[in-house]
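Asker: Structure below; questions to follow.
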Amino acid sequence: MEDSRDYLVRNNWEPKRHEFDRRLDYIDGVGRLRATTLLVSGATLGYCGFLFGAFLGFYKQIVEEGPLNFLGEKQNHSYFPATVSEMVYNTSSGGGKCFFAFVLIGGICMLSSWYPWQLRNVYIGDDLILGAPFLGKNNNGKYRGISVLMLRQFLPPIGIMMVACIPAPPAANRHFTDKVSSIVHTMGAVMSIGGYALIELYTLVRCKDLPVKFDTIKAYNKGWGEWT
């Protein structure tokens, strides 16, 4: 009969060395699957928000309200909002409720995904920062600045959540406070759409010099450009 003290020895319960790669692959795969699921869910919910907001907004303007201007007065031709934001600014309406719910939840999903660090087709290295030559170096000798991956992670989802949470009433009915909030609303739209477009363009331009791959990578070793 074996001594019971043998089961307390680390070598008896420690996994074998050949299992490390399998476990690391599993952890990496789960992280990529979680990031992909949250990203796709967020994008789908955001699309549904704009789709339902536009459909219900047009239906309300054409069928329910009829030919009214922006002041609610009858006229020969119906008044149509200039943007989707003006169409769904009333959060008590059906379109406003759907837009707010779908877009906000979609932004939270994208913000929770951390996909720039999980998906290899967008990972361009955390050492690429903006403002590097102008802000100097830290104590470790690295340039100070904002990481491009951080901008990709936070700009689009935070911007789209600003769009959902800050309504933009029609321009003709805006007071000073409405004008200020509408400017913040527009800033959120620029952060979401413009920020994503610029970062994606930067990634495509830089992908020739950096290890951006459009397939699943098992492991990455020995520095830039050497994948196994």
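Starting from 1 in every chain, residues are counted up; chains themselves are A, B, ... following the order of the structure tokens, and ligands are numbered from 1 as listed.
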Which residues are close to Val148 in chain A, i.e. within 10 Å by only C-alpha atoms, leaving aside same-chain residues fewer than 6 positions away? Reply as a PyMOL selection string.
Answerer: chain A and resi 116+123-130+199+202-203
Asker: Residues within 12 Å of His185 in chain A, please, as a PyMOL selection string. Count only C-alpha atoms; anything in the same chain fewer than 3 positions from it doesn't count.
Answerer: chain A and resi 85-86+89+158-169+178-182+188-192
Asker: Just the number, please: distance in Å from CA of Cys48 in chain A to CA of Val122 in chain A, one decimal.
Answerer: 24.5 Å
Asker: Select, from A:Gly96, A:Gly57, A:Pro170, A:Gly195, the residue with the minimum atom-to-atom distance to Pro157 in chain A, counting only C-alpha atoms.
Answerer: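 Among the listed residues, A:Gly195 lies closest to Pro157 in chain A.
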Asker: Quick one: distance from CA of His175 in chain A to CA of Gly49 in chain A in Å, one decimal?
Answerer: 26.9 Å
Asker: Based on the backbone DSSP call, show me all residues of range 79-209 of chain A assigned strand (DSSP E or B), as a ChimeraX atom specification.
Answerer: /A:129-130,137,143,146-147
